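J.: Okay, so here is start_21.txt, and as you'll see once you scroll down, it has compact mmCIF, C-alpha atoms.
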```txt
# COMPACT_ATOMS: atom_id res chain seq x y z
CA MET A 536 -27.72 24.95 -5.96
CA LEU A 537 -25.42 24.00 -3.10
CA THR A 538 -26.30 24.70 0.52
CA ARG A 539 -23.76 26.73 2.50
CA ALA A 540 -22.50 23.51 4.16
CA GLU A 541 -22.14 21.82 0.77
CA LEU A 542 -20.24 24.81 -0.62
CA VAL A 543 -17.88 24.72 2.37
CA ALA A 544 -17.36 20.97 1.96
CA GLU A 545 -16.75 21.23 -1.81
CA THR A 546 -14.24 24.03 -1.28
CA ALA A 547 -12.49 21.99 1.42
CA ILE A 548 -12.27 19.09 -1.05
CA THR A 549 -10.62 21.35 -3.63
CA LEU A 550 -8.14 22.72 -1.08
CA LEU A 551 -7.24 19.22 0.13
CA ALA A 552 -6.62 18.05 -3.42
CA GLU A 553 -4.61 21.11 -4.46
CA ARG A 554 -2.71 21.96 -1.28
CA GLY A 555 -3.03 18.94 1.02
CA MET A 556 -3.88 18.91 4.72
CA ARG A 557 -1.58 21.89 5.33
CA GLY A 558 -3.59 24.02 2.93
CA LEU A 559 -6.95 23.39 4.57
CA THR A 560 -7.87 26.07 7.09
CA HIS A 561 -11.17 27.77 7.91
CA ARG A 562 -9.80 31.01 6.53
CA ALA A 563 -8.61 29.40 3.27
CA VAL A 564 -12.09 27.93 2.75
CA ASP A 565 -13.73 31.34 3.31
CA GLU A 566 -11.36 32.91 0.80
CA ALA A 567 -11.50 30.21 -1.86
CA ALA A 568 -15.30 30.02 -1.64
CA GLY A 569 -15.66 33.80 -1.75
CA LEU A 570 -17.51 33.79 1.56
CA PRO A 571 -17.31 36.49 4.26
CA PRO A 572 -14.70 35.79 6.95
CA GLY A 573 -16.11 33.50 9.65
CA SER A 574 -18.58 31.74 7.34
CA THR A 575 -16.80 28.39 7.50
CA SER A 576 -16.56 28.62 11.29
CA ASN A 577 -20.31 29.12 11.42
CA VAL A 578 -20.85 25.86 9.54
CA ALA A 579 -18.11 23.83 11.24
CA ARG A 580 -16.59 25.42 14.32
CA THR A 581 -13.59 23.17 14.90
CA ARG A 582 -11.06 21.63 12.55
CA ALA A 583 -12.45 18.20 13.46
CA ALA A 584 -15.97 19.36 12.49
CA LEU A 585 -14.70 20.71 9.17
CA LEU A 586 -12.94 17.43 8.39
CA GLU A 587 -16.03 15.41 9.32
CA LEU A 588 -18.27 17.59 7.17
CA THR A 589 -15.89 17.13 4.25
CA LEU A 590 -15.62 13.36 4.68
CA ALA A 591 -19.42 13.10 4.96
CA ARG A 592 -19.76 14.94 1.65
CA LEU A 593 -17.19 12.67 -0.04
CA THR A 594 -18.88 9.55 1.32
CA GLU A 595 -22.25 10.73 0.05
CA LEU A 596 -20.85 11.40 -3.43
CA GLU A 597 -18.97 8.10 -3.48
CA GLU A 598 -22.12 6.22 -2.55
CA ARG A 599 -23.93 7.95 -5.37
CA ALA A 600 -21.16 6.89 -7.80
CA PHE A 601 -21.35 3.28 -6.64
CA ALA A 602 -25.13 3.25 -6.10
CA GLY A 603 -25.79 0.86 -8.94
CA LEU A 604 -23.32 -1.63 -7.51
CA LEU A 605 -24.44 -1.28 -3.89
CA THR A 606 -28.22 -1.12 -4.05
CA ALA A 607 -28.85 -3.70 -6.74
CA PRO A 608 -25.94 -6.16 -6.46
CA PRO A 609 -25.02 -7.28 -9.97
CA ARG A 610 -24.57 -10.80 -11.21
CA VAL A 611 -20.94 -11.91 -10.91
CA ALA A 612 -20.70 -11.95 -14.70
CA ASP A 613 -21.49 -8.23 -14.87
CA LEU A 614 -19.22 -7.21 -12.00
CA PRO A 615 -16.00 -6.64 -14.01
CA GLU A 616 -17.57 -4.06 -16.36
CA LEU A 617 -19.61 -2.35 -13.62
CA LEU A 618 -16.69 -2.14 -11.21
CA ALA A 619 -14.41 -0.87 -14.00
CA GLN A 620 -16.88 1.89 -14.84
CA ALA A 621 -17.25 2.90 -11.20
CA LEU A 622 -13.46 2.98 -10.71
CA LEU A 623 -12.99 5.01 -13.85
CA VAL A 624 -15.39 7.63 -12.48
CA GLN A 625 -13.23 7.84 -9.34
CA ILE A 626 -9.99 7.98 -11.33
CA ARG A 627 -11.29 10.83 -13.46
CA ASP A 628 -12.64 12.61 -10.40
CA ARG A 629 -9.06 13.16 -9.33
CA ARG A 630 -9.91 16.09 -7.07
CA ARG A 631 -12.29 14.10 -4.90
CA THR A 632 -10.17 10.96 -4.88
CA LEU A 633 -7.09 12.88 -3.74
CA ALA A 634 -9.15 14.57 -1.00
CA ARG A 635 -10.39 11.16 0.11
CA TYR A 636 -6.79 9.95 0.43
CA GLU A 637 -5.86 13.00 2.49
CA LEU A 638 -8.76 12.27 4.84
CA ALA A 639 -7.96 8.56 4.94
CA LEU A 640 -4.45 9.35 6.17
CA GLU A 641 -5.79 11.90 8.65
CA ALA A 642 -8.22 9.23 9.91
CA THR A 643 -5.25 7.13 11.06
CA ARG A 644 -4.62 9.95 13.57
CA ARG A 645 -8.22 10.95 14.42
CA PRO A 646 -10.52 8.28 15.88
CA GLU A 647 -13.65 10.32 15.14
CA LEU A 648 -12.85 10.34 11.40
CA ARG A 649 -11.74 6.71 11.56
CA ALA A 650 -15.25 5.63 12.63
CA VAL A 651 -16.89 7.36 9.65
CA TYR A 652 -14.26 5.91 7.35
CA ASP A 653 -14.69 2.34 8.66
CA ARG A 654 -18.47 2.45 8.29
CA SER A 655 -18.00 3.58 4.72
CA GLY A 656 -15.52 0.74 4.08
CA ALA A 657 -18.00 -1.86 5.33
CA ARG A 658 -20.52 -0.60 2.79
CA PHE A 659 -18.27 -1.95 0.05
CA ARG A 660 -16.97 -5.07 1.72
CA ASP A 661 -20.35 -6.45 2.87
CA PRO A 662 -22.00 -6.43 -0.58
CA ALA A 663 -18.83 -7.98 -2.03
CA VAL A 664 -19.03 -10.83 0.49
CA ALA A 665 -22.73 -11.33 -0.34
CA LEU A 666 -22.06 -11.32 -4.06
CA LEU A 667 -19.21 -13.83 -3.87
CA SER A 668 -21.18 -16.06 -1.49
CA ALA A 669 -24.17 -16.05 -3.82
CA GLY A 670 -21.84 -16.83 -6.72
CA GLY A 671 -20.53 -19.95 -5.00
CA PHE A 672 -16.99 -18.68 -4.46
CA PRO A 673 -14.97 -20.91 -2.11
CA ASP A 674 -13.70 -18.31 0.39
CA PRO A 675 -15.99 -15.27 0.09
CA VAL A 676 -14.90 -13.31 3.17
CA ARG A 677 -11.18 -13.30 2.35
CA GLN A 678 -11.83 -13.00 -1.36
CA ALA A 679 -14.17 -10.02 -0.87
CA SER A 680 -11.43 -8.25 1.11
CA GLN A 681 -8.97 -8.97 -1.67
CA LEU A 682 -11.40 -7.80 -4.34
CA VAL A 683 -11.84 -4.52 -2.44
CA ALA A 684 -8.04 -4.30 -2.02
CA PHE A 685 -7.59 -4.85 -5.75
CA ALA A 686 -10.07 -2.06 -6.51
CA GLU A 687 -8.33 0.25 -3.99
CA GLY A 688 -4.99 -0.60 -5.56
CA VAL A 689 -6.09 0.08 -9.14
CA LEU A 690 -7.42 3.45 -7.99
CA PHE A 691 -4.36 4.33 -5.92
CA TYR A 692 -1.91 3.22 -8.60
CA ALA A 693 -3.74 5.27 -11.25
CA ILE A 694 -4.08 8.44 -9.16
CA VAL A 695 -0.97 8.51 -6.98
CA GLY A 696 1.40 5.91 -8.39
CA ALA A 697 3.12 5.82 -11.72
CA GLY A 698 0.25 3.89 -13.26
CA GLY A 699 -1.48 6.49 -15.36
CA GLU A 700 -5.11 6.07 -16.35
CA PRO A 701 -6.00 2.50 -17.31
CA SER A 702 -8.88 1.90 -19.73
CA ALA A 703 -12.17 0.46 -18.54
CA GLY A 704 -11.37 -2.63 -20.60
CA GLU A 705 -8.03 -3.14 -18.84
CA ILE A 706 -9.57 -2.82 -15.39
CA ALA A 707 -12.41 -5.15 -16.33
CA ARG A 708 -9.96 -7.75 -17.65
CA GLY A 709 -8.05 -7.63 -14.36
CA VAL A 710 -11.23 -8.08 -12.31
CA ARG A 711 -12.32 -10.94 -14.57
CA GLU A 712 -8.95 -12.65 -14.11
CA LEU A 713 -9.05 -12.18 -10.35
CA LEU A 714 -12.56 -13.68 -10.21
CA ALA A 715 -11.47 -16.61 -12.40
CA GLY A 716 -8.56 -17.21 -10.05
CA PHE A 717 -10.92 -17.04 -7.04
CA LYS A 718 -13.17 -19.67 -8.61
CA GLY A 719 -10.38 -22.06 -9.35
CA SER A 720 -8.80 -22.02 -5.91
CA MET B 1263 25.00 4.60 14.00
CA LEU B 1264 22.98 6.99 11.87
CA THR B 1265 24.56 9.92 10.09
CA ARG B 1266 23.11 13.36 10.82
CA ALA B 1267 21.19 13.25 7.51
CA GLU B 1268 19.81 9.80 8.30
CA LEU B 1269 18.71 10.93 11.78
CA VAL B 1270 16.94 13.93 10.25
CA ALA B 1271 15.24 11.70 7.65
CA GLU B 1272 14.17 9.10 10.25
CA THR B 1273 12.75 11.82 12.48
CA ALA B 1274 10.89 13.33 9.54
CA ILE B 1275 9.43 9.89 8.81
CA THR B 1276 8.17 9.62 12.39
CA LEU B 1277 6.64 13.12 12.28
CA LEU B 1278 4.92 12.41 8.96
CA ALA B 1279 3.42 9.19 10.31
CA GLU B 1280 2.32 10.67 13.63
CA ARG B 1281 1.26 14.19 12.63
CA GLY B 1282 0.98 14.23 8.85
CA MET B 1283 2.35 16.83 6.45
CA ARG B 1284 1.19 19.65 8.75
CA GLY B 1285 3.36 18.33 11.56
CA LEU B 1286 6.58 18.24 9.55
CA THR B 1287 8.66 21.41 9.95
CA HIS B 1288 12.40 21.96 10.25
CA ARG B 1289 11.89 23.07 13.84
CA ALA B 1290 9.78 20.04 14.75
CA VAL B 1291 12.53 17.76 13.39
CA ASP B 1292 15.19 19.56 15.46
CA GLU B 1293 13.06 19.20 18.57
CA ALA B 1294 11.96 15.60 18.08
CA ALA B 1295 15.51 14.50 17.23
CA GLY B 1296 16.99 16.38 20.18
CA LEU B 1297 19.21 18.41 17.86
CA PRO B 1298 20.28 22.05 18.33
CA PRO B 1299 18.00 24.55 16.53
CA GLY B 1300 19.05 24.96 12.90
CA SER B 1301 20.49 21.45 12.55
CA THR B 1302 17.81 20.27 10.14
CA SER B 1303 18.24 23.42 8.05
CA ASN B 1304 21.94 22.66 7.77
CA VAL B 1305 21.15 19.25 6.31
CA ALA B 1306 18.22 20.29 4.11
CA ARG B 1307 17.75 23.99 3.70
CA THR B 1308 14.33 24.14 2.05
CA ARG B 1309 11.13 22.23 2.67
CA ALA B 1310 11.54 20.63 -0.77
CA ALA B 1311 15.05 19.44 0.19
CA LEU B 1312 13.75 17.99 3.47
CA LEU B 1313 10.98 16.11 1.65
CA GLU B 1314 13.41 14.78 -0.96
CA LEU B 1315 15.85 13.63 1.71
CA THR B 1316 13.02 11.82 3.49
CA LEU B 1317 11.70 10.17 0.34
CA ALA B 1318 15.24 9.09 -0.61
CA ARG B 1319 15.62 7.41 2.80
CA LEU B 1320 12.25 5.65 2.45
CA THR B 1321 13.10 4.47 -1.05
CA GLU B 1322 16.44 3.10 0.12
CA LEU B 1323 14.80 1.18 2.98
CA GLU B 1324 12.02 -0.09 0.73
CA GLU B 1325 14.55 -1.37 -1.77
CA ARG B 1326 16.34 -3.17 1.00
CA ALA B 1327 13.05 -4.79 2.10
CA PHE B 1328 12.29 -5.92 -1.45
CA ALA B 1329 15.92 -6.67 -2.38
CA GLY B 1330 15.39 -10.41 -2.62
CA LEU B 1331 12.52 -9.90 -5.04
CA LEU B 1332 14.22 -7.23 -7.14
CA THR B 1333 17.81 -8.41 -7.52
CA ALA B 1334 17.21 -12.13 -7.98
CA PRO B 1335 13.77 -12.37 -9.60
CA PRO B 1336 12.00 -15.43 -8.18
CA ARG B 1337 10.34 -18.19 -10.11
CA VAL B 1338 6.63 -17.45 -10.60
CA ALA B 1339 5.83 -20.38 -8.29
CA ASP B 1340 7.67 -18.69 -5.41
CA LEU B 1341 6.29 -15.20 -6.03
CA PRO B 1342 3.13 -15.49 -3.86
CA GLU B 1343 5.03 -16.35 -0.66
CA LEU B 1344 7.89 -13.91 -1.31
CA LEU B 1345 5.55 -11.04 -2.17
CA ALA B 1346 3.39 -11.81 0.86
CA GLN B 1347 6.41 -11.70 3.17
CA ALA B 1348 7.63 -8.43 1.66
CA LEU B 1349 4.17 -6.85 1.99
CA LEU B 1350 3.85 -8.02 5.57
CA VAL B 1351 7.12 -6.25 6.40
CA GLN B 1352 5.64 -3.04 4.97
CA ILE B 1353 2.33 -3.52 6.79
CA ARG B 1354 4.09 -4.02 10.14
CA ASP B 1355 6.35 -1.06 9.43
CA ARG B 1356 3.32 1.17 9.74
CA ARG B 1357 5.36 4.28 10.50
CA ARG B 1358 7.34 4.13 7.27
CA THR B 1359 4.39 3.07 5.17
CA LEU B 1360 2.24 5.97 6.42
CA ALA B 1361 5.11 8.39 5.75
CA ARG B 1362 5.41 6.98 2.24
CA TYR B 1363 1.70 7.68 1.64
CA GLU B 1364 2.08 11.25 2.91
CA LEU B 1365 4.94 11.79 0.46
CA ALA B 1366 3.07 10.05 -2.36
CA LEU B 1367 0.20 12.53 -1.98
CA GLU B 1368 2.62 15.45 -1.72
CA ALA B 1369 4.27 14.20 -4.92
CA THR B 1370 1.01 14.86 -6.81
CA ARG B 1371 1.68 18.56 -6.05
CA ARG B 1372 5.49 18.67 -6.34
CA PRO B 1373 7.04 17.64 -9.67
CA GLU B 1374 10.52 17.23 -8.10
CA LEU B 1375 9.19 14.58 -5.68
CA ARG B 1376 7.09 13.05 -8.42
CA ALA B 1377 10.20 12.22 -10.45
CA VAL B 1378 11.82 10.34 -7.54
CA TYR B 1379 8.55 8.55 -6.89
CA ASP B 1380 8.07 7.49 -10.51
CA ARG B 1381 11.61 6.10 -10.78
CA SER B 1382 10.96 4.09 -7.65
CA GLY B 1383 7.66 2.79 -9.08
CA ALA B 1384 9.40 1.58 -12.24
CA ARG B 1385 11.77 -0.49 -10.10
CA PHE B 1386 8.82 -2.66 -9.13
CA ARG B 1387 6.92 -2.70 -12.38
CA ASP B 1388 9.83 -3.57 -14.67
CA PRO B 1389 10.88 -6.76 -12.81
CA ALA B 1390 7.20 -7.76 -12.64
CA VAL B 1391 6.90 -7.44 -16.42
CA ALA B 1392 10.10 -9.49 -16.86
CA LEU B 1393 8.91 -12.17 -14.48
CA LEU B 1394 5.50 -12.52 -16.11
CA SER B 1395 7.03 -12.51 -19.60
CA ALA B 1396 9.51 -15.24 -18.63
CA GLY B 1397 6.61 -17.20 -17.10
CA GLY B 1398 4.70 -17.18 -20.38
CA PHE B 1399 1.83 -14.99 -19.19
CA PRO B 1400 -0.36 -13.78 -22.05
CA ASP B 1401 -0.42 -10.01 -21.35
CA PRO B 1402 2.63 -9.26 -19.17
CA VAL B 1403 2.67 -5.45 -19.35
CA ARG B 1404 -0.95 -4.96 -18.28
CA GLN B 1405 -0.81 -7.89 -15.88
CA ALA B 1406 2.36 -6.57 -14.22
CA SER B 1407 0.63 -3.22 -13.64
CA GLN B 1408 -2.32 -5.03 -12.12
CA LEU B 1409 -0.10 -7.20 -9.95
CA VAL B 1410 1.61 -4.05 -8.62
CA ALA B 1411 -1.83 -2.45 -8.14
CA PHE B 1412 -2.99 -5.52 -6.22
CA ALA B 1413 0.07 -5.33 -3.96
CA GLU B 1414 -0.48 -1.58 -3.44
CA GLY B 1415 -4.12 -2.24 -2.62
CA VAL B 1416 -3.42 -4.98 -0.08
CA LEU B 1417 -0.97 -2.64 1.63
CA PHE B 1418 -3.26 0.39 1.53
CA TYR B 1419 -6.32 -1.55 2.68
CA ALA B 1420 -4.36 -3.04 5.60
CA ILE B 1421 -2.77 0.22 6.74
CA VAL B 1422 -5.33 2.89 5.95
CA GLY B 1423 -8.57 1.08 5.14
CA ALA B 1424 -10.74 -1.02 7.39
CA GLY B 1425 -8.86 -4.16 6.38
CA GLY B 1426 -6.74 -4.87 9.42
CA GLU B 1427 -3.61 -6.99 9.13
CA PRO B 1428 -4.01 -9.99 6.80
CA SER B 1429 -1.85 -13.07 7.36
CA ALA B 1430 0.99 -13.93 5.01
CA GLY B 1431 -1.04 -16.99 4.00
CA GLU B 1432 -4.05 -14.88 3.05
CA ILE B 1433 -1.97 -12.50 0.95
CA ALA B 1434 -0.16 -15.38 -0.74
CA ARG B 1435 -3.47 -17.09 -1.59
CA GLY B 1436 -4.71 -13.87 -3.18
CA VAL B 1437 -1.55 -13.51 -5.28
CA ARG B 1438 -1.73 -17.16 -6.29
CA GLU B 1439 -5.36 -16.73 -7.39
CA LEU B 1440 -4.55 -13.58 -9.34
CA LEU B 1441 -1.69 -15.35 -11.13
CA ALA B 1442 -3.91 -18.36 -11.88
CA GLY B 1443 -6.48 -15.96 -13.35
CA PHE B 1444 -3.76 -14.24 -15.41
CA LYS B 1445 -2.69 -17.60 -16.83
CA GLY B 1446 -6.16 -18.64 -17.79
CA SER B 1447 -7.11 -15.47 -19.64
```
In structure tokens, write the structure found in this file.
T.:
Amino acid sequence: MLTRAELVAETAITLLAERGMRGLTHRAVDEAAGLPPGSTSNVARTRAALLELTLARLTELEERAFAGLLTAPPRVADLPELLAQALLVQIRDRRRTLARYELALEATRRPELRAVYDRSGARFRDPAVALLSAGGFPDPVRQASQLVAFAEGVLFYAIVGAGGEPSAGEIARGVRELLAGFKGS
Amino acid sequence: MLTRAELVAETAITLLAERGMRGLTHRAVDEAAGLPPGSTSNVARTRAALLELTLARLTELEERAFAGLLTAPPRVADLPELLAQALLVQIRDRRRTLARYELALEATRRPELRAVYDRSGARFRDPAVALLSAGGFPDPVRQASQLVAFAEGVLFYAIVGAGGEPSAGEIARGVRELLAGFKGS
């Protein structure tokens, strides 16, 4: 059972995915959620508040999806399969991933969203640095950034580009190759 | 000297980068370009036509930026530096790259844009497959997709994520490592 705020956020996610930033209004959320007029305004008065509520919901769900990777950092040997699985969840959750991209672009224009977005980014980069350091990789800070960029790119290419859905095995092979290249440098 | 259509497209690119899809209207283009009311409608009557005109302009400019890579495919040994330079141009051309992302998301909702976008994607993937095949890489089709995904990710992470601007040397090292990993698989 969703709270009212969660229902508003989930509906905003759907509208962002289906209609983009232009399609997200307080009124459209009320209508799409089947709520009485004014309900969304009661939960999030301004547009900025509505966007922040929506991004907070996405961040929470994303952290849940990546929880295994973030709370108990895997051994390097297990990373390719675990990362591939986590990315596949995001690729198949097209609605939420598209909404996240809409908010990521909006964050380039709204400092208050930017801050939430950057904190969430650090939650992926920092464990990646730790994992590569522990694994004896030669340049863990740069390589962690490039590992995160690779993961972002696989996701973006599959969802928005002409990539189509890769298999978990294909993603895992790519991660394994990238890690092998990191080791050898 | 820009033609009227090019001026409209360039102004639309600026509006997309600064205000997002919500900020792009025929009227806003007229105003921002200092054109008489109705000028943008004369060039591109519908919203779909305006978006297509803008994407066509971006694609043309992107092809020019990557021309060296696409028309005279480099040796694999030169790819890391050449790709890094080309990506750095895109990263520094933040306005155009943000506009491209806005249109990429819109293309998930508009089949007519999608087609233009997919053709443009193939122009990068096909030469990558050819280059990796010629270089004796073991799995050129998958690896080309992952090389393109890596490039997309570096760009996205630098422009939209918390990545900040990497140096050409950092990008080139990442590409070199990825290629070394591809070879060894």
J.: If we count only C-alpha atoms, what is near Leu1360 in chain B at a cut-off of 10 Å, once residues fewer than 5 positions away on the same chain are taken out, given as a list in words?
T.: Leu640 and Thr643 of chain A; Ile1275, Thr1276, Leu1278, Ala1279, Glu1280, Gly1282, Gln1352, Ile1353, Asp1355, Leu1365, Ala1366, Phe1418, Ile1421 and Val1422 of chain B
J.: How about saving the chosen residues, C-alpha atoms kept, as a PDB file, keeping the file's coordinate frame?
T.:
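Writing done, so here's result_34.pdb:
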```
ATOM      1  CA  LEU A 640      -4.450   9.350   6.170  1.00  0.00           C
ATOM      2  CA  THR A 643      -5.250   7.130  11.060  1.00  0.00           C
TER       3      THR A 643
ATOM      4  CA  ILE B1275       9.430   9.890   8.810  1.00  0.00           C
ATOM      5  CA  THR B1276       8.170   9.620  12.390  1.00  0.00           C
ATOM      6  CA  LEU B1278       4.920  12.410   8.960  1.00  0.00           C
ATOM      7  CA  ALA B1279       3.420   9.190  10.310  1.00  0.00           C
ATOM      8  CA  GLU B1280       2.320  10.670  13.630  1.00  0.00           C
ATOM      9  CA  GLY B1282       0.980  14.230   8.850  1.00  0.00           C
ATOM     10  CA  GLN B1352       5.640  -3.040   4.970  1.00  0.00           C
ATOM     11  CA  ILE B1353       2.330  -3.520   6.790  1.00  0.00           C
ATOM     12  CA  ASP B1355       6.350  -1.060   9.430  1.00  0.00           C
ATOM     13  CA  LEU B1365       4.940  11.790   0.460  1.00  0.00           C
ATOM     14  CA  ALA B1366       3.070  10.050  -2.360  1.00  0.00           C
ATOM     15  CA  PHE B1418      -3.260   0.390   1.530  1.00  0.00           C
ATOM     16  CA  ILE B1421      -2.770   0.220   6.740  1.00  0.00           C
ATOM     17  CA  VAL B1422      -5.330   2.890   5.950  1.00  0.00           C
TER      18      VAL B1422
END
```
J.: Counting only C-alpha atoms, what is within 12 Å of Ala650 in chain A, bar same-chain residues fewer than 4 positions away, as a PyMOL selection string?
T.: (chain A and resi 587+590-591+639+642-646+654-657) or (chain B and resi 1423-1424)
J.: For chain A against chain B, which residues fall within 6 Å using all atoms listed in the file, given as a PDB file with C-alpha atoms, in the coordinates of the input?
T.:
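Final file, iface-v1.pdb:
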```
ATOM      1  CA  ARG A 557      -1.580  21.890   5.330  1.00  0.00           C
ATOM      2  CA  ASP A 653     -14.690   2.340   8.660  1.00  0.00           C
ATOM      3  CA  ALA A 684      -8.040  -4.300  -2.020  1.00  0.00           C
ATOM      4  CA  PHE A 685      -7.590  -4.850  -5.750  1.00  0.00           C
ATOM      5  CA  GLU A 687      -8.330   0.250  -3.990  1.00  0.00           C
ATOM      6  CA  GLY A 688      -4.990  -0.600  -5.560  1.00  0.00           C
ATOM      7  CA  VAL A 689      -6.090   0.080  -9.140  1.00  0.00           C
ATOM      8  CA  TYR A 692      -1.910   3.220  -8.600  1.00  0.00           C
ATOM      9  CA  ALA A 697       3.120   5.820 -11.720  1.00  0.00           C
ATOM     10  CA  GLU A 712      -8.950 -12.650 -14.110  1.00  0.00           C
ATOM     11  CA  LEU A 713      -9.050 -12.180 -10.350  1.00  0.00           C
ATOM     12  CA  ALA A 715     -11.470 -16.610 -12.400  1.00  0.00           C
ATOM     13  CA  GLY A 716      -8.560 -17.210 -10.050  1.00  0.00           C
ATOM     14  CA  PHE A 717     -10.920 -17.040  -7.040  1.00  0.00           C
TER      15      PHE A 717
END
```
J.: Taking (11.4, 23.9, 4.0) as a centre in this file's frame and 12 Å as the limit, can you find every polymer residue with an atom that close, using only C-alpha atoms, and give them as a list in words?
T.: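 Returned residue set, sorted by chain then number, is Ala1274, Met1283, Leu1286, Thr1287, His1288, Arg1289, Ala1290, Val1291, Gly1300, Thr1302, Ser1303, Asn1304, Val1305, Ala1306, Arg1307, Thr1308, Arg1309, Ala1310, Ala1311, Leu1312, Leu1313, Glu1314 and Leu1315 of chain B.
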J.: Point out the residue among B:Gly1330, B:Gly1398, B:Pro1389, B:Gly1431 with the least atom-to-atom distance to Glu1343 in chain B, counting all atoms listed in the file.
T.: B:Gly1431
J.: Using Å and a single decimal, report how far CA of Leu1332 in chain B sits from CA of Leu1349 in chain B.
T.: 13.6 Å
J.: What does the structure give for the distance between CA of Ala1294 in chain B and CA of Ala1271 in chain B, in Å to one decimal?
T.: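 Computing the Euclidean distance for CA of Ala1294 in chain B and CA of Ala1271 in chain B yields 11.6 Å.
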